[in-house]
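Undergrad: Supplied in structure tokens, the structure appears directly below.
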Amino acid sequence: MAAPFYNKFDNALSRSVNISRHFHPEFSFPDADVILRSFEGTLYRIHSYTLRTTSGLFDTMFSLPQPTKYQVDAQGQGYTGPVNGDTEPEEIPIYESDFVLERLLRLLCSIPIPSWESYDDLDRVLTAAEKWDTPGPIASIRAALTCPKFLTSDPLRLYVLAKHFDWREEAKLAATQTLKLNLLDPVHASTLARLSSKDLLPLLNLHRRRRDMFKKLLDSPERFAAGNSRCGVTQLDNYTWREFKNAMFVEMDRRPLGDTLGVAVGQSAEWPEAKACWEAKCAKEGCGGLNYDRVATLRQIRNCIDVLPSTIED
């Protein structure tokens with residue numbers, strides 16, 4: 001006996017919802033047979049064919065047997081039979097924001113999208129695209145991630161995404177860009193925590209190999225011989241050179257890119273160790289020549305940095 005009351009209540013509720021319904025202007029196709037509802041309540045009317053052919057999630061969902069829908073008579077007293085094809089499609093709740101849902105649907109429908117403003121925006125849409133199993137939007141976002149704006153702004157985050165999706169070329173590009181970062185800085189801890197040990201180790205090895213190889217090259221007598229001395233007789237006191245090498249090693253550990261080393265101007269050129277090295281003179285009485293050729297030594301330091309590994313190994 002209580003069924004008619006609930007039927008009337010449901011009808012009244014449906015009418016009140018319909019009055020306040022708001023369709024997105026870009027997704028209000030009158031002949032579409034699916035309505036998606038965002039977290040904010042905005043409705044997106046779209047063709048099921050589009051969803052089925054671009055999304056593995058919806059392809060699976062629409063292939064499942066659907067329950068038969070019935071309509072209530074005008075007096076709300078009972079069911080009159082199956083719903084015909086002219087009835088408004090049932091809304092499907094999508095627990096995504098308007099921004100994410102609109103961007104994703106634009107990509108699915110090949111509608112131009114505004115430029116991406118931040119990694120957060122890309123990450124949110126990419127997460128939804130992965131949940132929906134949509135290869136097209138994922139490929140589009142993949143291409144956007146390698147533009148200079150994102151490649152250089154947060155390469156560690158790009159590396160995390162590239163490893164997650166097994167994008168090898170993007171992972172290598174991102175790994176190269178991380179060389180300007182100190183991975184031991186606590187500011188990167190939360191991002192690194194998203195990596196598995198299998199993906200983190202190659203990145204750590206790249207940074208460590210550059211530092212250790214650089215030290216080995218600095219210690220090489222073939223590259224930095226006593227020929228830098230103006231004096232060919234007196235044995236040099238290489239204390240200032242050793243101190244300068246230690247300072248460069250520490251800097252390479254902090255910033256494995258090495259772009260601050262081997263330069264004539266800049267912060268490293270003003271180091272006390274650098275100045276002491278270039279000012280060191282032969283102790284032999286009557287000589288007083290400079291121990292090291294500054295220009296040639298800086299050039300050799302740059303040559304050492306140029307031969308260091310620049311990205312992760314496959």
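We name chains A, B, ... following the order of the structure tokens; residues begin at 1 in each chain, and ligands are numbered from 1 as shown.
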Taking 5 positions as the minimum chain separation for residues in the same chain, which residues sit within 10 Å of Ser310 in chain A when counting only C-alpha atoms? Answer as a list in words.
TA: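 Close residues of Ser310 in chain A: Lys172, Leu173, Ala175, Thr176, Gln177, Leu179, Leu206, His207, Arg209, Arg210, Pro256, Leu257 and Ile305 of chain A.
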Undergrad: Taking only range 69-190 of chain A into account, list the residues labelled alpha helix (DSSP H) by DSSP (computed from the backbone), as a ChimeraX atom specification.
TA: /A:98-108,119-132,135-145,148-151,155-164,168-177,189-190
Undergrad: Restricting the calculation to only C-alpha atoms, which member of A:Glu130, A:Asp293, A:Asp120, A:Glu313 is positioned closest to Leu203 in chain A?
TA: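 Residue with the minimum atom-to-atom distance to Leu203 in chain A: A:Glu313.
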Undergrad: Of the residues A:Ala144, A:Ala276, A:Val263, A:Ala129, which is the one nearest to Ala296 in chain A, using only C-alpha atoms?
TA: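 Of A:Ala144, A:Ala276, A:Val263, A:Ala129, the one nearest Ala296 in chain A is A:Val263, counting only C-alpha atoms.
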Undergrad: Please report the interatomic distance between CA of Arg52 in chain A and CA of Ala139 in chain A in Å with one decimal.
TA: 17.9 Å
Undergrad: Neighbouring residues of Asn182 in chain A were defined as those with any atom within 9 Å, considering only C-alpha atoms; residues of the same chain fewer than 4 positions away were excluded. Please report them as a list in words.
TA: Thr178, His188, His207, Asp253, Arg254, Arg255 and Pro256 of chain A
Undergrad: Work out how far apart CA of Pro93 in chain A and CA of Ser38 in chain A are and give it in Å to one decimal.
TA: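 Value for the CA of Pro93 in chain A-CA of Ser38 in chain A distance: 6.4 Å.
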